[in-house]
>>> print(open('start-v6.cif').read())   # mmCIF, C-alpha atoms
data_coords
#
loop_
_atom_site.group_PDB
_atom_site.id
_atom_site.type_symbol
_atom_site.label_atom_id
_atom_site.label_comp_id
_atom_site.auth_asym_id
_atom_site.auth_seq_id
_atom_site.Cartn_x
_atom_site.Cartn_y
_atom_site.Cartn_z
ATOM 1 C CA MET M 20 68.468 25.638 -191.900
ATOM 2 C CA PRO M 21 69.559 27.888 -189.052
ATOM 3 C CA ARG M 22 73.222 28.710 -188.703
ATOM 4 C CA TYR M 23 75.120 28.156 -185.469
ATOM 5 C CA PHE M 24 78.511 29.426 -184.404
ATOM 6 C CA PHE M 25 80.884 27.499 -182.150
ATOM 7 C CA ASN M 26 83.272 29.733 -180.230
ATOM 8 C CA VAL M 27 86.000 28.425 -177.981
ATOM 9 C CA ARG M 28 87.714 30.385 -175.233
ATOM 10 C CA TYR M 29 90.606 29.153 -173.216
ATOM 11 C CA GLY M 30 92.458 31.533 -170.930
ATOM 12 C CA GLU M 31 93.922 34.167 -173.238
ATOM 13 C CA GLU M 32 93.283 32.155 -176.405
ATOM 14 C CA SER M 33 90.020 32.245 -178.255
ATOM 15 C CA TYR M 34 88.663 30.905 -181.497
ATOM 16 C CA HIS M 35 85.827 32.905 -182.964
ATOM 17 C CA ASP M 36 83.800 30.962 -185.512
ATOM 18 C CA GLU M 37 83.432 33.352 -188.455
ATOM 19 C CA VAL M 38 81.636 30.991 -190.805
ATOM 20 C CA GLY M 39 79.383 28.881 -188.581
ATOM 21 C CA GLU M 40 77.525 25.781 -189.610
ATOM 22 C CA GLU M 41 74.022 25.091 -190.816
ATOM 23 C CA LEU M 42 72.359 22.530 -188.589
ATOM 24 C CA PRO M 43 68.757 21.340 -188.491
ATOM 25 C CA ASP M 44 67.911 22.661 -185.019
ATOM 26 C CA ASN M 45 69.120 23.516 -181.524
ATOM 27 C CA LEU M 46 69.277 19.853 -180.578
ATOM 28 C CA ALA M 47 71.629 19.128 -183.460
ATOM 29 C CA ALA M 48 73.771 22.069 -182.387
ATOM 30 C CA TRP M 49 73.890 20.693 -178.842
ATOM 31 C CA HIS M 50 74.880 17.270 -180.175
ATOM 32 C CA GLU M 51 77.669 18.821 -182.194
ATOM 33 C CA ALA M 52 78.866 20.830 -179.189
ATOM 34 C CA THR M 53 79.087 17.754 -176.982
ATOM 35 C CA THR M 54 80.782 15.538 -179.555
ATOM 36 C CA SER M 55 83.344 18.134 -180.618
ATOM 37 C CA ALA M 56 84.077 19.469 -177.114
ATOM 38 C CA GLY M 57 86.129 16.372 -176.400
ATOM 39 C CA GLN M 58 88.161 16.888 -179.561
ATOM 40 C CA SER M 59 88.817 20.527 -178.734
ATOM 41 C CA ILE M 60 89.928 19.688 -175.193
ATOM 42 C CA ARG M 61 92.143 16.938 -176.553
ATOM 43 C CA ASP M 62 93.741 19.513 -178.848
ATOM 44 C CA LEU M 63 94.749 21.539 -175.775
ATOM 45 C CA ASP M 64 97.285 18.755 -175.331
ATOM 46 C CA GLY M 65 97.916 19.289 -171.651
ATOM 47 C CA ARG M 66 97.752 23.055 -171.642
ATOM 48 C CA LEU M 67 94.786 23.236 -169.236
ATOM 49 C CA LEU M 68 96.264 24.936 -166.193
ATOM 50 C CA PRO M 69 94.793 25.136 -162.674
ATOM 51 C CA GLY M 70 92.627 28.204 -162.275
ATOM 52 C CA THR M 71 91.820 28.539 -165.962
ATOM 53 C CA ALA M 72 88.589 27.696 -167.728
ATOM 54 C CA TRP M 73 87.925 26.252 -171.157
ATOM 55 C CA CYS M 74 84.620 27.207 -172.637
ATOM 56 C CA LEU M 75 82.733 26.232 -175.795
ATOM 57 C CA GLU M 76 79.777 28.476 -176.638
ATOM 58 C CA VAL M 77 77.086 27.784 -179.185
ATOM 59 C CA VAL M 78 75.749 31.031 -180.573
ATOM 60 C CA CYS M 79 72.814 31.336 -182.916
ATOM 61 C CA GLU M 80 72.302 33.761 -185.753
ATOM 62 C CA ASP M 81 70.840 36.518 -183.597
ATOM 63 C CA GLY M 82 74.005 36.524 -181.493
ATOM 64 C CA SER M 83 72.561 34.897 -178.390
ATOM 65 C CA THR M 84 74.387 32.056 -176.671
ATOM 66 C CA ILE M 85 72.127 29.048 -176.445
ATOM 67 C CA TYR M 86 74.527 26.534 -174.923
ATOM 68 C CA SER M 87 77.888 26.557 -173.303
ATOM 69 C CA ILE M 88 80.162 23.857 -172.021
ATOM 70 C CA GLU M 89 82.699 24.885 -169.456
ATOM 71 C CA VAL M 90 85.618 22.921 -168.104
ATOM 72 C CA LYS M 91 87.278 24.493 -165.064
ATOM 73 C CA ALA M 92 90.588 23.306 -163.682
ATOM 74 C CA HIS M 93 91.077 23.766 -159.925
ATOM 75 C CA GLY M 94 94.227 23.320 -157.940
ATOM 76 C CA SER M 95 93.464 21.974 -154.467
ATOM 77 C CA ARG M 96 96.444 23.603 -152.760
ATOM 78 C CA MET H 4 105.481 -1.497 -227.517
ATOM 79 C CA THR H 5 102.886 0.968 -226.435
ATOM 80 C CA ILE H 6 100.759 -0.260 -223.599
ATOM 81 C CA GLY H 7 97.215 0.685 -222.799
ATOM 82 C CA PHE H 8 96.367 3.562 -220.516
ATOM 83 C CA PRO H 9 95.215 1.395 -217.601
ATOM 84 C CA HIS H 10 98.382 -0.683 -217.835
ATOM 85 C CA SER H 11 100.561 2.421 -217.924
ATOM 86 C CA ARG H 12 98.897 3.655 -214.710
ATOM 87 C CA LEU H 13 99.859 0.426 -212.961
ATOM 88 C CA VAL H 14 103.384 0.445 -214.348
ATOM 89 C CA ALA H 15 103.837 4.060 -213.242
ATOM 90 C CA ARG H 16 102.677 3.240 -209.715
ATOM 91 C CA LEU H 17 104.963 0.214 -209.395
ATOM 92 C CA GLN H 18 107.909 2.153 -210.804
ATOM 93 C CA ALA H 19 107.361 4.740 -208.068
ATOM 94 C CA ILE H 20 108.231 2.201 -205.396
ATOM 95 C CA ALA H 21 110.415 -0.347 -207.189
ATOM 96 C CA SER H 22 112.677 -0.856 -210.131
ATOM 97 C CA LEU H 23 110.675 -2.588 -212.854
ATOM 98 C CA ASP H 24 112.689 -4.271 -215.608
ATOM 99 C CA GLN H 25 111.498 -4.429 -219.214
ATOM 100 C CA ALA H 26 110.476 -8.062 -219.007
ATOM 101 C CA ASP H 27 108.266 -7.401 -215.999
ATOM 102 C CA ALA H 28 106.795 -4.273 -217.579
ATOM 103 C CA ALA H 29 105.949 -6.410 -220.607
ATOM 104 C CA ARG H 30 104.245 -8.984 -218.376
ATOM 105 C CA ILE H 31 102.064 -6.266 -216.880
ATOM 106 C CA ALA H 32 101.222 -4.979 -220.330
ATOM 107 C CA GLN H 33 99.778 -8.411 -221.133
ATOM 108 C CA LEU H 34 97.410 -8.471 -218.170
ATOM 109 C CA PRO H 35 93.762 -8.535 -219.148
ATOM 110 C CA ILE H 36 92.253 -5.454 -217.492
ATOM 111 C CA ARG H 37 88.508 -4.911 -217.664
ATOM 112 C CA VAL H 38 87.817 -1.204 -217.525
ATOM 113 C CA GLN H 39 84.559 0.059 -216.054
ATOM 114 C CA ASN H 40 83.169 3.523 -215.356
ATOM 115 C CA LEU H 41 81.720 3.777 -211.876
ATOM 116 C CA PRO H 42 79.488 6.370 -210.255
ATOM 117 C CA SER H 43 80.274 8.082 -206.971
ATOM 118 C CA GLY H 44 79.569 6.034 -203.870
ATOM 119 C CA HIS H 45 79.794 2.709 -205.696
ATOM 120 C CA ASP H 46 80.921 -0.217 -203.527
ATOM 121 C CA ILE H 47 83.612 -2.105 -205.386
ATOM 122 C CA ALA H 48 83.756 -4.654 -202.613
ATOM 123 C CA ARG H 49 82.120 -4.997 -199.220
ATOM 124 C CA GLU H 50 83.275 -6.448 -195.944
ATOM 125 C CA GLY H 51 82.548 -10.165 -196.054
ATOM 126 C CA ASP H 52 82.640 -10.450 -199.853
ATOM 127 C CA ARG H 53 84.697 -13.213 -201.403
ATOM 128 C CA VAL H 54 86.397 -11.647 -204.404
ATOM 129 C CA ASP H 55 88.152 -13.213 -207.374
ATOM 130 C CA GLN H 56 89.565 -10.074 -208.884
ATOM 131 C CA CYS H 57 91.606 -7.047 -207.924
ATOM 132 C CA CYS H 58 90.638 -3.513 -208.730
ATOM 133 C CA MET H 59 93.244 -1.101 -210.037
ATOM 134 C CA LEU H 60 92.116 2.488 -209.890
ATOM 135 C CA VAL H 61 92.471 4.007 -213.348
ATOM 136 C CA ASP H 62 90.945 7.390 -212.579
ATOM 137 C CA GLY H 63 89.270 9.130 -209.646
ATOM 138 C CA TYR H 64 89.546 8.161 -205.984
ATOM 139 C CA LEU H 65 88.718 5.196 -203.815
ATOM 140 C CA MET H 66 88.238 5.004 -200.093
ATOM 141 C CA ARG H 67 88.662 2.003 -197.854
ATOM 142 C CA HIS H 68 86.464 2.010 -194.788
ATOM 143 C CA LYS H 69 84.874 0.028 -192.035
ATOM 144 C CA VAL H 70 81.636 0.660 -190.257
ATOM 145 C CA GLY H 71 81.593 0.282 -186.478
ATOM 146 C CA ALA H 72 78.956 -1.261 -184.280
ATOM 147 C CA GLU H 73 76.946 1.965 -184.007
ATOM 148 C CA GLY H 74 76.972 2.522 -187.746
ATOM 149 C CA LYS H 75 79.801 5.013 -187.576
ATOM 150 C CA ARG H 76 82.115 4.923 -190.579
ATOM 151 C CA GLN H 77 85.893 5.047 -190.305
ATOM 152 C CA ILE H 78 87.741 5.740 -193.537
ATOM 153 C CA VAL H 79 91.107 4.024 -193.243
ATOM 154 C CA SER H 80 92.759 5.086 -196.473
ATOM 155 C CA TRP H 81 92.356 7.023 -199.697
ATOM 156 C CA HIS H 82 93.567 5.760 -203.051
ATOM 157 C CA VAL H 83 94.724 7.536 -206.154
ATOM 158 C CA PRO H 84 95.076 6.288 -209.757
ATOM 159 C CA GLY H 85 97.551 3.458 -210.128
ATOM 160 C CA ASP H 86 96.762 2.054 -206.685
ATOM 161 C CA VAL H 87 95.423 -1.487 -206.334
ATOM 162 C CA PRO H 88 93.857 -1.205 -202.881
ATOM 163 C CA ASP H 89 92.703 -4.823 -202.764
ATOM 164 C CA LEU H 90 95.921 -6.386 -203.999
ATOM 165 C CA TYR H 91 96.150 -8.344 -200.758
ATOM 166 C CA SER H 92 92.885 -10.114 -201.744
ATOM 167 C CA LEU H 93 95.097 -12.474 -203.742
ATOM 168 C CA HIS H 94 95.845 -13.966 -200.342
ATOM 169 C CA LEU H 95 93.217 -12.662 -197.954
ATOM 170 C CA ASN H 96 89.612 -13.571 -198.575
ATOM 171 C CA PRO H 97 86.927 -12.642 -197.627
ATOM 172 C CA MET H 98 87.234 -8.843 -197.522
ATOM 173 C CA ASP H 99 87.659 -7.347 -194.060
ATOM 174 C CA HIS H 100 86.649 -3.867 -195.132
ATOM 175 C CA ASN H 101 84.758 -1.949 -197.807
ATOM 176 C CA ILE H 102 86.114 -0.244 -200.917
ATOM 177 C CA THR H 103 83.994 2.535 -202.352
ATOM 178 C CA THR H 104 84.416 5.217 -205.001
ATOM 179 C CA LEU H 105 84.749 8.843 -203.962
ATOM 180 C CA GLY H 106 83.289 10.746 -206.843
ATOM 181 C CA PRO H 107 82.928 9.068 -210.224
ATOM 182 C CA ALA H 108 85.829 6.751 -210.941
ATOM 183 C CA VAL H 109 87.224 4.396 -213.540
ATOM 184 C CA ALA H 110 88.164 0.921 -212.347
ATOM 185 C CA GLY H 111 90.409 -1.624 -214.015
ATOM 186 C CA TYR H 112 89.497 -5.112 -212.849
ATOM 187 C CA ILE H 113 92.132 -7.826 -213.008
ATOM 188 C CA ALA H 114 91.139 -11.416 -212.323
ATOM 189 C CA HIS H 115 93.089 -13.177 -209.586
ATOM 190 C CA ASP H 116 93.721 -16.042 -211.993
ATOM 191 C CA ALA H 117 95.417 -13.700 -214.455
ATOM 192 C CA LEU H 118 97.495 -12.078 -211.713
ATOM 193 C CA ASN H 119 98.555 -15.407 -210.261
ATOM 194 C CA ALA H 120 99.442 -16.759 -213.706
ATOM 195 C CA MET H 121 101.602 -13.685 -214.294
ATOM 196 C CA LEU H 122 103.297 -13.874 -210.892
ATOM 197 C CA ASN H 123 104.089 -17.547 -211.420
ATOM 198 C CA THR H 124 106.315 -16.484 -214.312
ATOM 199 C CA SER H 125 108.243 -13.821 -212.398
ATOM 200 C CA ALA H 126 109.698 -13.898 -208.917
ATOM 201 C CA SER H 127 110.767 -10.266 -209.294
ATOM 202 C CA LEU H 128 107.217 -9.138 -210.066
ATOM 203 C CA THR H 129 105.953 -11.155 -207.114
ATOM 204 C CA HIS H 130 108.362 -9.286 -204.884
ATOM 205 C CA ILE H 131 107.336 -5.951 -206.374
ATOM 206 C CA LEU H 132 103.649 -6.564 -205.725
ATOM 207 C CA TRP H 133 104.549 -7.776 -202.244
ATOM 208 C CA ARG H 134 106.448 -4.534 -201.722
ATOM 209 C CA GLU H 135 103.396 -2.601 -202.902
ATOM 210 C CA THR H 136 101.256 -4.203 -200.177
ATOM 211 C CA LEU H 137 103.969 -3.424 -197.625
ATOM 212 C CA VAL H 138 104.001 0.243 -198.598
ATOM 213 C CA ASP H 139 100.222 0.183 -198.187
ATOM 214 C CA ALA H 140 100.731 -1.126 -194.649
ATOM 215 C CA ALA H 141 103.275 1.603 -193.875
ATOM 216 C CA ALA H 142 100.637 4.209 -194.675
ATOM 217 C CA PHE H 143 98.301 2.597 -192.158
ATOM 218 C CA ARG H 144 100.955 2.848 -189.459
ATOM 219 C CA GLU H 145 101.257 6.541 -190.160
ATOM 220 C CA TRP H 146 97.471 6.956 -189.976
ATOM 221 C CA VAL H 147 97.545 5.212 -186.588
ATOM 222 C CA VAL H 148 100.029 7.803 -185.344
ATOM 223 C CA SER H 149 97.854 10.592 -186.733
ATOM 224 C CA LEU H 150 94.690 9.346 -185.102
ATOM 225 C CA GLY H 151 96.425 8.508 -181.852
ATOM 226 C CA GLN H 152 98.590 11.560 -181.331
ATOM 227 C CA ARG H 153 98.099 14.444 -183.686
ATOM 228 C CA GLY H 154 95.754 17.337 -183.030
ATOM 229 C CA ALA H 155 92.745 17.883 -185.250
ATOM 230 C CA LEU H 156 94.411 20.563 -187.374
ATOM 231 C CA ALA H 157 97.502 18.410 -187.921
ATOM 232 C CA ARG H 158 95.415 15.372 -188.833
ATOM 233 C CA ILE H 159 93.673 17.178 -191.659
ATOM 234 C CA ALA H 160 96.902 18.811 -192.783
ATOM 235 C CA HIS H 161 98.606 15.415 -192.812
ATOM 236 C CA MET H 162 95.841 13.886 -194.884
ATOM 237 C CA LEU H 163 96.230 16.673 -197.439
ATOM 238 C CA CYS H 164 100.037 16.388 -197.501
ATOM 239 C CA GLU H 165 99.790 12.663 -198.136
ATOM 240 C CA LEU H 166 97.240 13.110 -200.908
ATOM 241 C CA LEU H 167 99.400 15.743 -202.552
ATOM 242 C CA ALA H 168 102.510 13.555 -202.413
ATOM 243 C CA ARG H 169 100.711 10.547 -203.867
ATOM 244 C CA LEU H 170 99.042 12.570 -206.607
ATOM 245 C CA ARG H 171 102.322 14.212 -207.552
ATOM 246 C CA VAL H 172 103.835 10.766 -208.068
ATOM 247 C CA VAL H 173 101.245 10.026 -210.761
ATOM 248 C CA GLY H 174 101.326 13.536 -212.217
ATOM 249 C CA LEU H 175 97.868 14.518 -211.006
ATOM 250 C CA ALA H 176 98.698 17.610 -208.936
ATOM 251 C CA PRO H 177 100.045 20.250 -211.284
ATOM 252 C CA GLY H 178 101.034 23.371 -209.396
ATOM 253 C CA ASN H 179 100.268 21.564 -206.140
ATOM 254 C CA SER H 180 96.572 21.717 -206.921
ATOM 255 C CA PHE H 181 94.167 18.855 -207.306
ATOM 256 C CA VAL H 182 90.521 17.957 -207.367
ATOM 257 C CA PHE H 183 89.331 15.915 -204.385
ATOM 258 C CA PRO H 184 85.547 15.583 -204.165
ATOM 259 C CA ALA H 185 85.353 14.732 -200.468
ATOM 260 C CA SER H 186 82.548 16.115 -198.328
ATOM 261 C CA GLN H 187 83.103 17.442 -194.789
ATOM 262 C CA THR H 188 81.754 14.118 -193.584
ATOM 263 C CA ASP H 189 84.261 12.182 -195.703
ATOM 264 C CA VAL H 190 87.132 14.281 -194.345
ATOM 265 C CA ALA H 191 85.794 13.916 -190.808
ATOM 266 C CA ASP H 192 85.385 10.147 -191.102
ATOM 267 C CA ALA H 193 88.983 9.835 -192.293
ATOM 268 C CA THR H 194 90.446 11.997 -189.531
ATOM 269 C CA GLY H 195 88.363 11.023 -186.503
ATOM 270 C CA MET H 196 86.376 14.165 -185.778
ATOM 271 C CA THR H 197 82.903 15.540 -186.360
ATOM 272 C CA PRO H 198 82.137 17.081 -189.773
ATOM 273 C CA VAL H 199 81.570 20.439 -188.100
ATOM 274 C CA HIS H 200 84.939 20.257 -186.369
ATOM 275 C CA ALA H 201 86.551 19.225 -189.658
ATOM 276 C CA ASN H 202 85.016 22.258 -191.290
ATOM 277 C CA ARG H 203 86.371 24.512 -188.526
ATOM 278 C CA MET H 204 89.835 23.038 -189.000
ATOM 279 C CA ILE H 205 89.659 23.541 -192.756
ATOM 280 C CA GLN H 206 88.619 27.168 -192.210
ATOM 281 C CA GLN H 207 91.665 27.597 -189.964
ATOM 282 C CA LEU H 208 93.959 26.133 -192.618
ATOM 283 C CA ARG H 209 92.454 28.486 -195.172
ATOM 284 C CA ALA H 210 92.799 31.462 -192.841
ATOM 285 C CA LYS H 211 96.470 30.627 -192.369
ATOM 286 C CA GLY H 212 96.893 30.632 -196.154
ATOM 287 C CA LEU H 213 98.077 27.024 -196.089
ATOM 288 C CA VAL H 214 95.213 25.568 -198.086
ATOM 289 C CA THR H 215 92.755 26.816 -200.668
ATOM 290 C CA TRP H 216 89.614 24.722 -200.813
ATOM 291 C CA ASP H 217 86.931 25.739 -203.233
ATOM 292 C CA GLY H 218 84.288 23.068 -203.786
ATOM 293 C CA ALA H 219 86.360 20.073 -204.791
ATOM 294 C CA SER H 220 89.439 22.066 -205.836
ATOM 295 C CA ILE H 221 92.257 22.037 -203.348
ATOM 296 C CA GLY H 222 95.444 24.044 -203.571
ATOM 297 C CA ILE H 223 98.477 23.862 -201.342
ATOM 298 C CA PRO H 224 100.502 27.010 -202.003
ATOM 299 C CA ASP H 225 103.325 26.080 -199.628
ATOM 300 C CA PRO H 226 103.620 22.288 -199.233
ATOM 301 C CA ALA H 227 106.682 22.596 -196.989
ATOM 302 C CA ALA H 228 104.851 24.855 -194.534
ATOM 303 C CA LEU H 229 101.805 22.579 -194.459
ATOM 304 C CA ALA H 230 104.095 19.597 -193.903
ATOM 305 C CA VAL H 231 105.566 21.263 -190.806
ATOM 306 C CA LEU H 232 102.134 21.800 -189.277
ATOM 307 C CA ALA H 233 101.147 18.268 -190.288
ATOM 308 C CA GLU H 234 104.335 16.661 -188.949
ATOM 309 C CA PHE H 235 104.442 15.125 -192.429
ATOM 310 C CA ASN H 236 107.474 13.289 -193.709
ATOM 311 C CA ASP H 237 107.011 11.240 -196.891
ATOM 312 C CA ASP H 238 109.537 8.564 -195.878
ATOM 313 C CA TYR H 239 106.715 6.166 -195.072
ATOM 314 C CA LEU H 240 105.549 6.249 -198.679
ATOM 315 C CA HIS H 241 108.844 4.631 -199.647
ATOM 316 C CA LEU H 242 109.038 6.462 -202.945
ATOM 317 C CA ARG H 243 112.132 5.832 -205.021
ATOM 318 C CA HIS H 244 112.117 9.463 -206.080
ATOM 319 C CA PRO H 245 110.305 11.622 -203.496
ATOM 320 C CA ALA H 246 107.553 13.616 -205.158
#
>>> encode(input="start-v6.cif", output="structure tokens")
Amino acid sequence: MPRYFFNVRYGEESYHDEVGEELPDNLAAWHEATTSAGQSIRDLDGRLLPGTAWCLEVVCEDGSTIYSIEVKAHGSR
Amino acid sequence: MTIGFPHSRLVARLQAIASLDQADAARIAQLPIRVQNLPSGHDIAREGDRVDQCCMLVDGYLMRHKVGAEGKRQIVSWHVPGDVPDLYSLHLNPMDHNITTLGPAVAGYIAHDALNAMLNTSASLTHILWRETLVDAAAFREWVVSLGQRGALARIAHMLCELLARLRVVGLAPGNSFVFPASQTDVADATGMTPVHANRMIQQLRAKGLVTWDGASIGIPDPAALAVLAEFNDDYLHLRHPA
């Protein structure tokens, strides 16, 4: 099974997935990204500040990013 | 009087949370316990079953779980040897959840009739078993706090801290190491996250040096440090002598 890596970036912080996960295909990787994005954002626990972005990237074995989910916080003032 | 191994497991568990006098220990020693080897993934009882016996875990692990409307499993508790996870079935029937083995296990079945006959002879033992079900409930409250408030890393850390504390009580975690044959999916279903996220969290715990996890072998080199990250305090286990 192909291996996918789930990297998270938030402002200065980043989590680089060293080990990755074997998943059946790109669709399964997308499903995992969408279901775990919520958990990761929840773990921010209020630290999402205006003007910063949170980003989850799904990278496949050849290093290319196949999906990303970005949450951007905007202040309106 | 020497009592059988299954009986001694139960006595040890009850002594962890209450003071058991000799007469009551003798009553437990007389209980007929039917011992059975079970394979991994064996359902001891299912939601909706009417049961006429309790199951004391003699060896291995049990999980209690419910399956939601979309077929998603939620593990609500783990059990270690000495536990009687369906003790409340003396009063509550049918089952409102499932009890399944995690890894091969050894069960000690005790008929409700035998338990009730024993309890009818001892108010103190009745209170002790009542206390045991109350301690069970206290663990659920703590799991509610974990699932409701704690971050993913803390939830897994807390689960490990609790397992370690409960295994230490029954002498099954020498050197703060133990065997726990849970898959990523089992861990994820107990802590409310995806298996992949659970794996990421476990990798983080390993990278921090807080946990070693090699197959089914888990080591916790610094329980106090893991407890801080987990917001773990063993008060809710109501142990007479904290592990």
>>> residues_around(input="start-v6.cif", residues="range 61-66 of chain H", least_positions_apart="2", cutoff="10 Å", atoms="all atoms listed in the file", output="NGL selection string")
:H and (8-13 or 38-41 or 43-47 or 58-59 or 68 or 78-88 or 101-112 or 182-185 or 189 or 193)
>>> residues_around(input="start-v6.cif", residues="Trp73 in chain M", least_positions_apart="5", cutoff="8 Å", atoms="all atoms listed in the file", output="PDB file with C-alpha atoms, in the frame of the given file")
ATOM      1  CA  VAL M  27      86.000  28.425-177.981  1.00  0.00           C
ATOM      2  CA  ARG M  28      87.714  30.385-175.233  1.00  0.00           C
ATOM      3  CA  TYR M  29      90.606  29.153-173.216  1.00  0.00           C
ATOM      4  CA  GLY M  30      92.458  31.533-170.930  1.00  0.00           C
ATOM      5  CA  ILE M  60      89.928  19.688-175.193  1.00  0.00           C
ATOM      6  CA  LEU M  67      94.786  23.236-169.236  1.00  0.00           C
ATOM      7  CA  GLU M  89      82.699  24.885-169.456  1.00  0.00           C
ATOM      8  CA  VAL M  90      85.618  22.921-168.104  1.00  0.00           C
ATOM      9  CA  LYS M  91      87.278  24.493-165.064  1.00  0.00           C
TER      10      LYS M  91
END
>>> resolve_selection(input="start-v6.cif", expression="the PyMOL selection byres ((chain M) within 9 of (chain H))", output="list in words")
Phe25, Asp36, Glu37, Val38, Gly39, Glu40, Glu51, Thr54, Ser55, Gln58, Ser59, Arg61, Asp62, Leu63 and Asp64 of chain M
>>> resolve_selection(input="start-v6.cif", expression="the PyMOL selection byres ((chain H and resi 230) around 12)", output="compact mmCIF listing (two decimals) with C-alpha atoms, keeping the file's coordinate frame")
# COMPACT_ATOMS: atom_id res chain seq x y z
CA LEU H 156 94.41 20.56 -187.37
CA ALA H 157 97.50 18.41 -187.92
CA ARG H 158 95.42 15.37 -188.83
CA ILE H 159 93.67 17.18 -191.66
CA ALA H 160 96.90 18.81 -192.78
CA HIS H 161 98.61 15.42 -192.81
CA MET H 162 95.84 13.89 -194.88
CA LEU H 163 96.23 16.67 -197.44
CA CYS H 164 100.04 16.39 -197.50
CA GLU H 165 99.79 12.66 -198.14
CA LEU H 166 97.24 13.11 -200.91
CA LEU H 167 99.40 15.74 -202.55
CA ALA H 168 102.51 13.56 -202.41
CA LEU H 213 98.08 27.02 -196.09
CA VAL H 214 95.21 25.57 -198.09
CA ILE H 223 98.48 23.86 -201.34
CA PRO H 224 100.50 27.01 -202.00
CA ASP H 225 103.32 26.08 -199.63
CA PRO H 226 103.62 22.29 -199.23
CA ALA H 227 106.68 22.60 -196.99
CA ALA H 228 104.85 24.86 -194.53
CA LEU H 229 101.80 22.58 -194.46
CA VAL H 231 105.57 21.26 -190.81
CA LEU H 232 102.13 21.80 -189.28
CA ALA H 233 101.15 18.27 -190.29
CA GLU H 234 104.34 16.66 -188.95
CA PHE H 235 104.44 15.12 -192.43
CA ASN H 236 107.47 13.29 -193.71
CA ASP H 237 107.01 11.24 -196.89
>>> resolve_selection(input="start-v6.cif", expression="the PyMOL selection byres ((chain M and resi 41) around 10)", output="list in words")
Met20, Pro21, Arg22, Tyr23, Phe24, Val38, Gly39, Glu40, Leu42, Pro43, Asp44, Ala47 and Ala48 of chain M; Val199 of chain H
>>> axis_aligned_box(input="start-v6.cif", around="range 210-218 of chain H", padding_each_side="3 Å", output="AutoDock Vina command-line options")
--center_x 91.2 --center_y 27.3 --center_z -198.1 --size_x 19.8 --size_y 14.4 --size_z 17.4
>>> atom_distance(input="start-v6.cif", atom1="CA of Thr215 in chain H", atom2="CA of Leu170 in chain H")
16.7 Å
>>> closest_residue(input="start-v6.cif", among="H:Leu240, H:Val70, H:Val14, H:Leu23", to="Ala142 in chain H", atoms="all atoms listed in the file")
H:Leu240
>>> closest_residue(input="start-v6.cif", among="M:Val77, M:Arg66, M:Gly82, M:Ser95", to="His50 in chain M", atoms="only C-alpha atoms")
M:Val77
>>> atom_distance(input="start-v6.cif", atom1="CA of Leu75 in chain M", atom2="CA of Leu208 in chain H")
20.2 Å
>>> closest_residue(input="start-v6.cif", among="H:Thr188, H:Ile131, H:Val148, H:Leu122", to="Ile20 in chain H", atoms="all atoms listed in the file")
H:Ile131
>>> atom_distance(input="start-v6.cif", atom1="CA of Asp81 in chain M", atom2="CA of Gly57 in chain M")
26.3 Å
>>> closest_residue(input="start-v6.cif", among="H:Trp146, H:Asp238, H:Leu34, H:Leu137", to="Thr194 in chain H", atoms="only C-alpha atoms")
H:Trp146
>>> decode(input="start-v6.cif", residues="range 145-155 of chain H", atoms="N, CA and C atoms", output="compact mmCIF listing (two decimals), in the first residue's frame")
# COMPACT_ATOMS: atom_id res chain seq x y z
N GLU H 145 -14.21 10.16 34.53
CA GLU H 145 -12.91 10.67 34.10
C GLU H 145 -12.75 10.56 32.58
N TRP H 146 -13.26 9.47 32.00
CA TRP H 146 -13.20 9.32 30.54
C TRP H 146 -14.04 10.40 29.86
N VAL H 147 -15.15 10.79 30.49
CA VAL H 147 -15.98 11.86 29.92
C VAL H 147 -15.17 13.16 29.85
N VAL H 148 -14.42 13.44 30.93
CA VAL H 148 -13.61 14.65 30.94
C VAL H 148 -12.54 14.57 29.85
N SER H 149 -11.93 13.40 29.73
CA SER H 149 -10.90 13.22 28.69
C SER H 149 -11.46 13.49 27.30
N LEU H 150 -12.58 12.84 27.01
CA LEU H 150 -13.13 12.98 25.66
C LEU H 150 -13.67 14.38 25.41
N GLY H 151 -14.16 15.02 26.49
CA GLY H 151 -14.75 16.33 26.30
C GLY H 151 -13.74 17.45 26.24
N GLN H 152 -12.64 17.32 26.96
CA GLN H 152 -11.76 18.47 27.16
C GLN H 152 -10.30 18.29 26.77
N ARG H 153 -9.81 17.07 26.89
CA ARG H 153 -8.36 16.94 26.72
C ARG H 153 -7.98 16.85 25.26
N GLY H 154 -6.81 17.35 24.93
CA GLY H 154 -6.29 17.24 23.57
C GLY H 154 -5.96 15.79 23.25
N ALA H 155 -5.73 15.53 21.98
CA ALA H 155 -5.51 14.16 21.51
C ALA H 155 -4.32 13.51 22.22
